Amino acid sequence: MKNRCLIILMLLILSVLMLFSGCSVKYEAGSIKVSHTRYPTDVIYLSGEDSDVVLSMFNTADWVPKLTQTACSCVFSLTDSSVDYSPESGLFSDKVNERTLFLSEEQKEYINSLIDDLYGIQQDIYIPSKLAEVYEIKSEGNSAVEYENPISDEVIYTTEKSVGEFSSITVDEKEYGLRYESTMFYPVDNRKVHKYNVDGDNDGIVLLHEDGSVFALLNMELTKIEVSEKSRDETMISGVMQAFDDLVDFSKYDCSRIEGPISDTPIAFGSYKIMFYNEILGYMTDCLTIYATDEGIVTDLWNSEKGIDTDDISGEINENLTDNFLIGKIDRMYRSRDTEYRGHTVVYWPEMKVYNGELCVYYSVKCELYDKTDGRNYTEKCELLIPVRLIEKK
């Protein structure tokens, strides 16, 4: 197949050359949906770039003002219309406007590559119509979203009389007195922890699991590590390993890395995010996250062990299929009479989570949307859990 970028460029040039062809029908779409006539509930959504190229082709091409009797095996659905397509003949058929678009070889190759790469029409591999099984983590502040399979990540607070009022913890040879405040339950992670306030520290918070192990140490000046300007990453990693050796089993983690300096953290501008983690199929699982300032002051620690059984996972994640589920779910959530989905960006590194006894991939996504009432582009954040069984290569 020819270089994809070259084909797109040629299509755009051809579209511009045909701009004055007298086309009176205007096609519009945010993200074009493609379905197969034999499996109408199985769909894919073209990327923003590919949707723009196809729309430009439709709106500037030389349509023949009559229908051609050719079997079309898939449908391109737009905002207020649809166009049938035959990958064998390389033609689009607009039944409503009674006209046909015959593609050049370059155009046919490009369109068929979209269908073949993303949809698998040539191999009869079809995306399962199981968008309803993708979980949406519900945001209470966005009532405009059409939730289909919502779950809540809102922490549930209770008070347990069986938990002692006072406790203590030792960090880097310093003992902290603790006073019990409440018990917290995180529904998405199925995690239960007890929340303690640190004596003599108005901001310090300690979250402990029921077995006494640490989940989080927050808003505390836990220790100060030596940081070398010439080898910052190495000295930061070795410094926190030494400081928290009695608190954390670092041998559980296969990987480590440092992000920063970053500003969107609970602590001061210029902080560093030190991560020790494991991963499966390129997705993060267990993760220990430690925040430190550029002066080496350690202020926060999160120890997010998930207990994922790697023996239950085989094969790889189908990235094209994953993208389709993301696009399809976001489009279904936000598409309405007044709103169009235009694209999305995965904000954070996707990670594995276990929800309701099932292994899922968690995505935090920035959705790019268009308000048709006032012509405004805007963004919304959404969080999704896709069960691995839906996107794992078979």
# chains A, B, ... in the order shown; residues from 1 in each chain; ligands from 1
>>> residues_around(residues="segment 70-85 of chain A", least_positions_apart="6", cutoff="7 Å", atoms="only C-alpha atoms", output="list of chain:residue names")
A:Glu28, A:Ala29, A:Ile32, A:Lys33, A:Val34, A:Ser35, A:His36, A:Thr37, A:Leu91, A:Phe92, A:Ser93, A:Asp94
>>> write_last_selection(atoms="C-alpha atoms", output="PDB file, in the first residue's frame")
ATOM      1  CA  GLU A  28     -21.731  17.217   7.586  1.00  0.00           C
ATOM      2  CA  ALA A  29     -20.410  15.018  10.389  1.00  0.00           C
ATOM      3  CA  ILE A  32     -18.240   9.375  10.565  1.00  0.00           C
ATOM      4  CA  LYS A  33     -19.766   6.075  11.640  1.00  0.00           C
ATOM      5  CA  VAL A  34     -19.299   3.034   9.406  1.00  0.00           C
ATOM      6  CA  SER A  35     -21.441  -0.091   9.679  1.00  0.00           C
ATOM      7  CA  HIS A  36     -21.709  -3.314   7.721  1.00  0.00           C
ATOM      8  CA  THR A  37     -25.019  -4.151   6.064  1.00  0.00           C
ATOM      9  CA  LEU A  91     -18.269   3.669  -5.372  1.00  0.00           C
ATOM     10  CA  PHE A  92     -20.549   5.556  -2.987  1.00  0.00           C
ATOM     11  CA  SER A  93     -24.285   5.555  -3.526  1.00  0.00           C
ATOM     12  CA  ASP A  94     -26.449   8.382  -2.126  1.00  0.00           C
TER      13      ASP A  94
END
>>> select_by_dssp(residues="segment 219-369 of chain A", states="helix (DSSP H, G or I)", output="PDB file with C-alpha atoms, in the first residue's frame")
ATOM      1  CA  ARG A 232      18.595  13.805  39.652  1.00  0.00           C
ATOM      2  CA  ASP A 233      16.584  10.704  38.668  1.00  0.00           C
ATOM      3  CA  GLU A 234      19.057   8.238  40.124  1.00  0.00           C
ATOM      4  CA  THR A 235      19.501  10.094  43.420  1.00  0.00           C
ATOM      5  CA  MET A 236      15.750  10.660  43.845  1.00  0.00           C
ATOM      6  CA  ILE A 237      14.952   6.990  43.253  1.00  0.00           C
ATOM      7  CA  SER A 238      17.691   5.718  45.548  1.00  0.00           C
ATOM      8  CA  GLY A 239      16.802   8.358  48.165  1.00  0.00           C
ATOM      9  CA  VAL A 240      13.134   7.382  48.500  1.00  0.00           C
ATOM     10  CA  MET A 241      13.982   3.672  48.432  1.00  0.00           C
ATOM     11  CA  GLN A 242      16.292   4.170  51.370  1.00  0.00           C
ATOM     12  CA  ALA A 243      13.868   6.429  53.270  1.00  0.00           C
ATOM     13  CA  PHE A 250      10.244  -2.158  46.597  1.00  0.00           C
ATOM     14  CA  SER A 251      11.097  -5.624  45.294  1.00  0.00           C
ATOM     15  CA  LYS A 252       7.446  -5.967  44.225  1.00  0.00           C
ATOM     16  CA  THR A 310      -1.236 -11.918  35.608  1.00  0.00           C
ATOM     17  CA  ASP A 311      -1.949 -15.604  34.951  1.00  0.00           C
ATOM     18  CA  ASP A 312      -5.474 -14.684  33.850  1.00  0.00           C
ATOM     19  CA  GLU A 319      -5.170  -1.194  19.803  1.00  0.00           C
ATOM     20  CA  ASN A 320      -7.428  -0.528  16.790  1.00  0.00           C
ATOM     21  CA  LEU A 321     -10.305  -2.253  18.509  1.00  0.00           C
ATOM     22  CA  THR A 322      -9.626  -0.273  21.691  1.00  0.00           C
ATOM     23  CA  ASP A 323      -9.689   3.008  19.762  1.00  0.00           C
ATOM     24  CA  ASN A 324     -12.995   1.999  18.226  1.00  0.00           C
ATOM     25  CA  PHE A 325     -14.540   1.287  21.604  1.00  0.00           C
ATOM     26  CA  LEU A 326     -13.321   4.637  22.939  1.00  0.00           C
ATOM     27  CA  ILE A 327     -14.621   6.581  19.928  1.00  0.00           C
ATOM     28  CA  GLY A 328     -17.913   4.698  19.825  1.00  0.00           C
ATOM     29  CA  LYS A 329     -18.601   5.050  23.537  1.00  0.00           C
ATOM     30  CA  ILE A 330     -17.694   8.752  23.687  1.00  0.00           C
ATOM     31  CA  ASP A 331     -19.803   9.481  20.606  1.00  0.00           C
ATOM     32  CA  ARG A 332     -22.749   7.617  22.099  1.00  0.00           C
ATOM     33  CA  MET A 333     -22.363   9.478  25.409  1.00  0.00           C
ATOM     34  CA  TYR A 334     -22.230  12.978  23.968  1.00  0.00           C
TER      35      TYR A 334
END
>>> residues_around(residues="segment 199-209 of chain A", least_positions_apart="5", cutoff="7 Å", atoms="only C-alpha atoms", output="list of chain:residue names")
A:Gly177, A:Leu178, A:Arg179, A:Lys192, A:Val193, A:His194, A:Val214, A:Phe215, A:Ala216, A:Leu217, A:Leu218, A:Asn219, A:Met220
>>> atom_distance(atom1="atom CA of Tyr196 of chain A", atom2="atom CA of Tyr180 of chain A")
4.4 Å
>>> residues_around(residues="segment 47-53 of chain A", least_positions_apart="5", cutoff="7 Å", atoms="only C-alpha atoms", output="ChimeraX atom specification")
/A:12,31-32,342-343
>>> closest_residue(among="A:Tyr348, A:Tyr341, A:Tyr378, A:Tyr27", to="Tyr45 of chain A", atoms="only C-alpha atoms")
A:Tyr341
>>> residues_around(residues="Glu133 of chain A", least_positions_apart="5", cutoff="8 Å", atoms="only C-alpha atoms", output="PyMOL selection string")
chain A and resi 149+386-387
>>> write_last_selection(atoms="C-alpha atoms", output="short mmCIF file (atom, residue, chain, number, x, y, z; two decimals), in the first residue's frame")
data_model
loop_
_atom_site.label_atom_id
_atom_site.label_comp_id
_atom_site.auth_asym_id
_atom_site.auth_seq_id
_atom_site.Cartn_x
_atom_site.Cartn_y
_atom_site.Cartn_z
CA ASN A 149 -23.58 1.65 31.85
CA ILE A 386 -13.19 -1.23 29.11
CA PRO A 387 -13.26 -4.92 30.05
#
>>> closest_residue(among="A:Leu369, A:Ile317, A:Tyr355, A:Asn112", to="Asp153 of chain A", atoms="only C-alpha atoms")
A:Tyr355
>>> closest_residue(among="A:Ile391, A:Val64, A:Cys382, A:Ile280", to="Ser139 of chain A", atoms="only C-alpha atoms")
A:Cys382
>>> closest_residue(among="A:Tyr283, A:Tyr186, A:Trp302, A:Tyr277", to="Glu316 of chain A", atoms="only C-alpha atoms")
A:Tyr283
>>> closest_residue(among="A:Asp62, A:Glu221, A:Asp246, A:Glu210", to="Val298 of chain A", atoms="only C-alpha atoms")
A:Glu221
